file structure22.txt (compact mmCIF, C-alpha atoms)
# COMPACT_ATOMS: atom_id res chain seq x y z
CA MET H 197 109.80 75.31 0.18
CA ALA H 198 113.23 76.66 1.05
CA ILE H 199 113.89 79.14 3.83
CA ASP H 200 114.60 82.57 2.33
CA ALA H 201 115.74 85.04 5.00
CA ALA H 202 115.85 87.96 2.57
CA LEU H 203 112.30 87.29 1.42
CA MET H 204 111.04 87.02 5.00
CA HIS H 205 112.67 90.30 5.93
CA ASP H 206 111.29 92.04 2.83
CA MET H 207 107.76 90.78 3.46
CA ALA H 208 107.92 91.71 7.13
CA CYS H 209 109.01 95.24 6.20
CA ARG H 210 106.20 95.53 3.66
CA TYR H 211 103.66 94.48 6.26
CA ALA H 212 105.10 96.95 8.79
CA ALA H 213 104.77 99.74 6.20
CA SER H 214 101.24 98.73 5.18
CA PRO H 215 99.65 96.42 7.79
CA THR H 216 96.86 94.97 5.67
CA GLN H 217 95.52 91.44 5.96
CA ASP H 218 96.87 90.60 2.51
CA ALA H 219 100.36 91.81 3.45
CA LEU H 220 100.20 89.78 6.65
CA ASN H 221 99.17 86.64 4.75
CA ARG H 222 102.01 87.08 2.27
CA ALA H 223 104.55 87.64 5.04
CA LEU H 224 103.32 84.63 6.99
CA GLU H 225 103.51 82.44 3.88
CA ALA H 226 107.14 83.42 3.42
CA CYS H 227 107.86 82.45 7.05
CA LEU H 228 106.09 79.08 7.06
CA PRO H 229 109.21 77.03 6.12
CA LEU H 230 111.08 78.44 9.12
CA CYS H 231 108.07 77.76 11.37
CA ALA H 232 108.02 74.17 10.12
CA LEU H 233 111.76 73.79 10.75
CA ILE H 234 111.51 75.10 14.31
CA ALA H 235 108.46 72.94 15.08
CA GLY H 236 110.31 69.89 13.74
CA ARG H 237 113.21 70.47 16.12
CA PHE H 238 110.88 69.75 19.04
CA LEU H 239 109.48 66.41 17.87
CA ASN H 240 109.46 63.48 20.32
CA ARG H 241 109.06 65.75 23.33
CA GLY H 242 105.48 64.86 24.21
CA ALA H 243 103.49 66.91 21.68
CA GLU H 244 102.16 66.31 18.17
CA TYR H 245 103.90 68.04 15.27
CA ASP H 246 100.67 69.72 14.11
CA ASP H 247 100.25 71.33 17.53
CA LEU H 248 103.86 72.53 17.56
CA TYR H 249 103.49 73.90 14.03
CA GLN H 250 100.31 75.76 14.96
CA VAL H 251 102.02 77.34 17.98
CA ALA H 252 104.95 78.34 15.75
CA CYS H 253 102.66 79.94 13.18
CA LEU H 254 100.66 81.87 15.78
CA SER H 255 103.89 83.12 17.30
CA CYS H 256 105.06 84.13 13.83
CA VAL H 257 101.94 86.26 13.37
CA SER H 258 102.65 87.97 16.69
CA ALA H 259 106.26 88.54 15.63
CA LEU H 260 105.18 90.10 12.36
CA LYS H 261 102.80 92.44 14.18
CA GLY H 262 105.50 93.44 16.66
CA PHE H 263 108.38 93.84 14.22
CA ASP H 264 109.80 97.36 13.84
CA PRO H 265 112.18 97.74 10.85
CA GLU H 266 113.37 101.08 12.24
CA ARG H 267 115.35 99.22 14.89
CA GLY H 268 117.68 97.92 12.17
CA LEU H 269 117.26 94.24 13.14
CA LYS H 270 116.97 91.50 10.54
CA PHE H 271 113.53 89.95 10.82
CA THR H 272 114.87 86.40 11.07
CA SER H 273 117.04 87.44 14.03
CA TYR H 274 113.85 88.60 15.73
CA LEU H 275 111.60 85.78 14.51
CA THR H 276 113.72 82.74 15.35
CA PRO H 277 114.06 83.26 19.12
CA THR H 278 110.44 84.47 19.34
CA VAL H 279 108.99 81.34 17.71
CA THR H 280 111.46 79.02 19.42
CA GLY H 281 110.57 80.48 22.80
CA ALA H 282 106.84 80.15 22.13
CA VAL H 283 107.14 76.47 21.19
CA ARG H 284 109.38 75.79 24.17
CA ASN H 285 106.94 77.51 26.53
CA TYR H 286 104.09 75.46 25.07
CA LEU H 287 105.96 72.24 25.78
CA ARG H 288 106.84 73.44 29.28
CA ASP H 289 103.18 74.22 30.01
CA GLN H 290 102.03 70.88 28.61
CA ALA H 291 104.60 68.75 30.40
CA PRO H 292 106.23 70.55 33.34
CA LEU H 293 109.44 69.00 34.60
CA LEU H 294 109.32 67.36 38.00
CA ARG H 295 111.84 68.67 40.45
CA ALA H 296 113.89 66.36 42.57
CA PRO H 297 112.72 66.12 46.21
CA ARG H 298 114.44 68.47 48.64
CA ALA H 299 116.25 65.59 50.39
CA LEU H 300 117.81 64.48 47.08
CA ARG H 301 118.89 68.03 46.26
CA GLN H 302 120.58 68.29 49.66
CA GLN H 303 122.33 64.96 49.14
CA GLY H 304 123.48 66.16 45.71
CA MET H 305 125.11 69.20 47.30
CA GLU H 306 126.91 66.98 49.80
CA ILE H 307 128.15 64.77 46.98
CA GLU H 308 129.46 67.81 45.11
CA LYS H 309 131.40 68.95 48.18
CA ALA H 310 132.89 65.48 48.61
CA ARG H 311 133.78 65.37 44.93
CA GLU H 312 135.57 68.74 45.12
CA ALA H 313 137.51 67.64 48.20
CA PHE H 314 138.58 64.42 46.47
CA LEU H 315 139.66 66.34 43.35
CA ASN H 316 141.74 68.78 45.40
CA ARG H 317 143.42 65.93 47.26
CA HIS H 318 143.95 63.40 44.47
CA HIS H 319 143.70 65.47 41.27
CA ALA H 320 141.37 62.87 39.80
CA GLU H 321 137.63 62.28 39.56
CA PRO H 322 136.31 60.03 42.35
CA THR H 323 134.39 56.87 41.59
CA PRO H 324 130.92 56.39 43.13
CA ARG H 325 132.44 53.91 45.58
CA GLN H 326 135.09 56.42 46.67
CA LEU H 327 132.36 59.01 47.21
CA ALA H 328 130.37 56.51 49.22
CA GLU H 329 133.38 55.85 51.44
CA ALA H 330 134.06 59.57 51.89
CA LEU H 331 130.47 60.26 52.89
CA ASN H 332 129.95 57.01 54.78
CA TRP H 333 126.95 56.23 52.56
CA ASP H 334 126.02 53.05 50.74
CA ILE H 335 126.70 53.00 47.01
CA GLU H 336 123.00 52.98 46.04
CA LYS H 337 122.40 56.24 47.91
CA VAL H 338 125.30 57.89 46.11
CA LEU H 339 124.10 56.78 42.67
CA THR H 340 120.52 57.88 43.29
CA ALA H 341 121.50 61.33 44.55
CA TRP H 342 124.11 61.86 41.84
CA ASN H 343 121.73 60.92 39.02
CA ALA H 344 119.06 63.26 40.42
CA ARG H 345 121.57 66.11 40.59
CA SER H 346 122.80 65.49 37.05
CA ALA H 347 119.25 65.33 35.68
CA GLY H 348 118.42 68.58 37.43
CA ARG H 349 121.39 70.27 35.84
CA VAL H 350 120.29 69.18 32.40
CA ALA H 351 116.70 70.28 32.97
CA SER H 352 117.90 73.70 34.10
CA LEU H 353 119.60 74.20 30.74
CA GLU H 354 116.39 74.07 28.71
CA GLU H 355 116.26 77.86 28.38
CA ALA H 356 117.38 79.46 25.13
CA ASP H 357 120.25 81.90 24.78
CA GLU H 358 120.07 85.22 22.93
CA SER H 359 120.06 83.31 19.62
CA GLY H 360 117.02 81.29 20.62
CA LEU H 361 119.05 78.10 21.00
CA THR H 362 119.45 75.84 24.00
CA LEU H 363 122.45 73.77 24.98
CA ALA H 364 120.78 70.69 23.51
CA ASP H 365 120.18 72.57 20.25
CA ARG H 366 123.93 73.27 20.01
CA ILE H 367 124.88 69.61 20.49
CA PRO H 368 123.72 67.28 17.70
CA PHE H 369 123.03 64.32 19.98
CA LEU H 370 119.33 64.56 19.09
CA GLU H 371 120.20 62.94 15.78
CA THR H 372 120.99 59.61 17.43
CA GLY H 373 117.35 58.52 17.38
CA PHE H 374 117.06 58.08 21.16
CA ASP H 375 113.87 59.18 22.83
CA ASP H 376 113.92 62.35 24.93
CA ALA H 377 114.37 60.64 28.29
CA GLU H 378 117.40 58.72 27.04
CA GLN H 379 118.87 61.86 25.51
CA ARG H 380 118.58 63.65 28.84
CA GLU H 381 120.24 60.75 30.64
CA ASP H 382 123.12 60.69 28.15
CA LEU H 383 123.64 64.44 28.48
CA ALA H 384 123.52 64.20 32.27
CA ARG H 385 126.29 61.58 32.20
CA ALA H 386 128.36 63.67 29.79
CA PHE H 387 127.95 66.66 32.10
CA ARG H 388 130.15 64.97 34.69
CA ILE H 389 133.28 65.75 32.65
CA LEU H 390 132.84 69.49 33.26
CA THR H 391 134.53 71.51 35.96
CA GLU H 392 132.55 73.71 38.32
CA GLU H 393 133.65 76.79 36.37
CA GLU H 394 132.47 75.26 33.11
CA THR H 395 129.17 74.24 34.68
CA HIS H 396 128.75 77.76 36.04
CA LEU H 397 129.36 79.22 32.59
CA LEU H 398 126.60 77.07 31.09
CA PHE H 399 124.32 77.97 34.00
CA LEU H 400 124.77 81.69 33.31
CA ARG H 401 124.39 81.30 29.55
CA TYR H 402 121.49 78.85 29.34
CA THR H 403 119.65 79.08 32.65
CA LYS H 404 120.13 82.76 33.46
CA ARG H 405 120.08 83.50 29.71
CA LEU H 406 122.92 86.00 29.96
CA SER H 407 124.80 87.16 26.89
CA GLN H 408 128.47 86.27 26.52
CA ARG H 409 129.32 89.86 27.46
CA ASP H 410 127.29 89.72 30.70
CA THR H 411 128.60 86.24 31.48
CA ALA H 412 132.15 87.53 31.08
CA ALA H 413 131.44 90.34 33.55
CA ARG H 414 130.00 87.88 36.09
CA MET H 415 132.98 85.55 35.79
CA ASN H 416 135.62 88.29 35.65
CA LYS H 417 136.77 87.28 32.19
CA THR H 418 136.78 88.83 28.74
CA GLN H 419 134.05 88.09 26.23
CA MET H 420 136.64 86.38 24.02
CA GLN H 421 137.63 84.06 26.90
CA ILE H 422 133.98 83.17 27.47
CA SER H 423 133.44 82.52 23.78
CA ARG H 424 136.46 80.21 23.64
CA MET H 425 135.45 78.42 26.83
CA GLU H 426 131.94 77.86 25.54
CA ARG H 427 133.19 76.44 22.24
CA ARG H 428 135.57 74.16 24.12
CA ILE H 429 132.82 72.96 26.48
CA LEU H 430 130.40 72.21 23.65
CA ALA H 431 133.12 70.37 21.71
CA ALA H 432 133.94 68.27 24.80
CA LEU H 433 130.28 67.40 25.36
CA ARG H 434 129.81 66.49 21.70
CA LYS H 435 132.88 64.25 21.85
CA GLU H 436 131.68 62.59 25.05
CA LEU H 437 128.22 61.96 23.62
CA THR H 438 129.60 60.67 20.33
CA GLU H 439 131.89 58.19 22.07
CA LYS H 440 129.04 56.92 24.26
CA THR H 441 126.61 56.35 21.39

call {"tool": "encode", "arguments": {"input": "structure22.txt", "output": "structure tokens"}}
result
Amino acid sequence: MAIDAALMHDMACRYAASPTQDALNRALEACLPLCALIAGRFLNRGAEYDDLYQVACLSCVSALKGFDPERGLKFTSYLTPTVTGAVRNYLRDQAPLLRAPRALRQQGMEIEKAREAFLNRHHAEPTPRQLAEALNWDIEKVLTAWNARSAGRVASLEEADESGLTLADRIPFLETGFDDAEQREDLARAFRILTEEETHLLFLRYTKRLSQRDTAARMNKTQMQISRMERRILAALRKELTEKT
């Protein structure tokens, strides 16, 4: 069954005007294809599809009961982030991410400082061996700390933006067929091409969940500049992931 946004909105409005069980059932039936699509986006993340679909449907019922047509919002614009957030929260509760130990986080910060100093001096990205020499560490310590920091950055970007989409949702690397752990590792490696400003932009948008307008205010830029930067960053990450796969 195809997704029909106009039908979903119409049925949601009918239920809001006359909240009977029959109207709710009809509205839910119209929304089931979208629930199935959202549930399918989260496959291979540690939960069965049927469980994800059930969570999506229950969230859809809640969305229908909470929808107010008087606000002038299209129902799909309200439904999509609501259901997506519910499924994402379910996965987070079922399989919480492990945080890197405090010592590794501290080492990651030291690596970032050394990286910035190298960039300012040489105008080029340092190799792991150059970082090891700058910090007087062995190469294994550098690689371990750097990988932990990169993985942490990726994990912190699991939150959805105002459209209900995460960074991973906006980059089609999930279509490669890799399992979730490998996808995270690939994205962590691709993340190394970003500048601190670009990383900060993604942090504000996908971790802090700020709108482009609020992000622009935080970064002292216009909303148009933020929009262009974000498109450029996503394009660069897509290119990096495509070339590595």

call {"tool": "atom_distance", "arguments": {"input": "structure22.txt", "atom1": "CA of Trp333 (chain H)", "atom2": "CA of His319 (chain H)"}}
result
22.2 Å

call {"tool": "residues_near_point", "arguments": {"input": "structure22.txt", "point": "(110.9, 88.0, 13.4)", "cutoff": "10 Å", "atoms": "only C-alpha atoms", "output": "list in words"}}
result
Met204, His205, Ala208, Cys227, Ser255, Cys256, Val257, Ser258, Ala259, Leu260, Lys261, Gly262, Phe263, Asp264, Leu269, Lys270, Phe271, Thr272, Ser273, Tyr274, Leu275, Thr276, Pro277, Thr278 and Val279 of chain H

call {"tool": "closest_residue", "arguments": {"input": "structure22.txt", "among": "H:Ile199, H:Ile389, H:Leu397, H:Leu433", "to": "Met415 (chain H)", "atoms": "all atoms listed in the file"}}
result
H:Leu397

call {"tool": "closest_residue", "arguments": {"input": "structure22.txt", "among": "H:Arg317, H:Ala431, H:Met420, H:Leu228", "to": "Ala201 (chain H)", "atoms": "all atoms listed in the file"}}
result
H:Leu228

call {"tool": "closest_residue", "arguments": {"input": "structure22.txt", "among": "H:Glu394, H:Glu336, H:Glu306, H:Asp200", "to": "Met425 (chain H)", "atoms": "all atoms listed in the file"}}
result
H:Glu394

call {"tool": "closest_residue", "arguments": {"input": "structure22.txt", "among": "H:Ala212, H:Leu430, H:Ala313, H:Val338", "to": "Arg325 (chain H)", "atoms": "all atoms listed in the file"}}
result
H:Val338

call {"tool": "closest_residue", "arguments": {"input": "structure22.txt", "among": "H:Leu339, H:Met207, H:Ala412, H:Val283", "to": "Glu244 (chain H)", "atoms": "all atoms listed in the file"}}
result
H:Val283

call {"tool": "closest_residue", "arguments": {"input": "structure22.txt", "among": "H:Gln217, H:Gln408, H:Thr391, H:Asn332", "to": "Glu308 (chain H)", "atoms": "only C-alpha atoms"}}
result
H:Thr391

call {"tool": "axis_aligned_box", "arguments": {"input": "structure22.txt", "around": "region 302-320 of chain H", "padding_each_side": "5 Å", "output": "JSON"}}
result
{"center_x": 132.3, "center_y": 66.0, "center_z": 44.8, "size_x": 33.4, "size_y": 16.3, "size_z": 20.0}

call {"tool": "atom_distance", "arguments": {"input": "structure22.txt", "atom1": "CA of Ala232 (chain H)", "atom2": "CA of Tyr249 (chain H)"}}
result
6.0 Å

call {"tool": "atom_distance", "arguments": {"input": "structure22.txt", "atom1": "CA of Leu239 (chain H)", "atom2": "CA of Leu287 (chain H)"}}
result
10.4 Å

call {"tool": "decode", "arguments": {"input": "structure22.txt", "residues": "region 228-287 of chain H", "atoms": "C-alpha atoms", "output": "compact mmCIF listing (two decimals), in the first residue's frame"}}
result
# COMPACT_ATOMS: atom_id res chain seq x y z
CA LEU H 228 0.32 1.98 8.45
CA PRO H 229 2.46 2.22 5.27
CA LEU H 230 4.43 5.11 6.77
CA CYS H 231 4.81 3.19 10.05
CA ALA H 232 6.15 0.23 8.09
CA LEU H 233 8.58 2.44 6.19
CA ILE H 234 9.95 4.04 9.36
CA ALA H 235 10.26 0.68 11.13
CA GLY H 236 12.13 -0.71 8.12
CA ARG H 237 14.70 2.08 8.30
CA PHE H 238 15.87 0.71 11.66
CA LEU H 239 16.45 -2.90 10.65
CA ASN H 240 19.76 -4.56 11.61
CA ARG H 241 20.12 -2.45 14.75
CA GLY H 242 19.48 -5.18 17.29
CA ALA H 243 15.67 -5.48 17.23
CA GLU H 244 13.16 -7.54 15.27
CA TYR H 245 11.11 -5.79 12.59
CA ASP H 246 7.80 -6.85 14.17
CA ASP H 247 8.81 -5.16 17.44
CA LEU H 248 9.85 -1.98 15.63
CA TYR H 249 6.60 -1.98 13.65
CA GLN H 250 4.54 -2.41 16.81
CA VAL H 251 6.34 0.52 18.47
CA ALA H 252 5.74 2.62 15.35
CA CYS H 253 2.03 1.79 15.31
CA LEU H 254 1.56 2.53 19.01
CA SER H 255 3.34 5.84 18.54
CA CYS H 256 1.09 6.57 15.58
CA VAL H 257 -1.99 6.07 17.74
CA SER H 258 -0.56 8.53 20.28
CA ALA H 259 0.17 11.00 17.48
CA LEU H 260 -3.38 10.75 16.18
CA LYS H 261 -4.77 11.38 19.65
CA GLY H 262 -2.49 14.38 20.15
CA PHE H 263 -2.89 15.97 16.72
CA ASP H 264 -4.56 19.39 16.62
CA PRO H 265 -5.54 20.52 13.09
CA GLU H 266 -6.09 24.05 14.38
CA ARG H 267 -2.33 24.52 14.59
CA GLY H 268 -2.15 24.42 10.79
CA LEU H 269 0.48 21.64 10.67
CA LYS H 270 0.33 18.85 8.11
CA PHE H 271 -0.22 15.58 9.94
CA THR H 272 2.72 13.85 8.26
CA SER H 273 5.02 16.64 9.45
CA TYR H 274 3.87 15.87 12.98
CA LEU H 275 3.70 12.08 12.61
CA THR H 276 7.08 11.34 11.04
CA PRO H 277 9.33 12.78 13.78
CA THR H 278 6.99 11.44 16.49
CA VAL H 279 7.14 7.84 15.24
CA THR H 280 10.82 8.05 14.33
CA GLY H 281 11.65 9.32 17.79
CA ALA H 282 9.62 6.57 19.46
CA VAL H 283 11.38 3.82 17.49
CA ARG H 284 14.77 5.39 18.14
CA ASN H 285 14.05 5.64 21.87
CA TYR H 286 12.98 2.00 21.91
CA LEU H 287 16.28 0.95 20.35
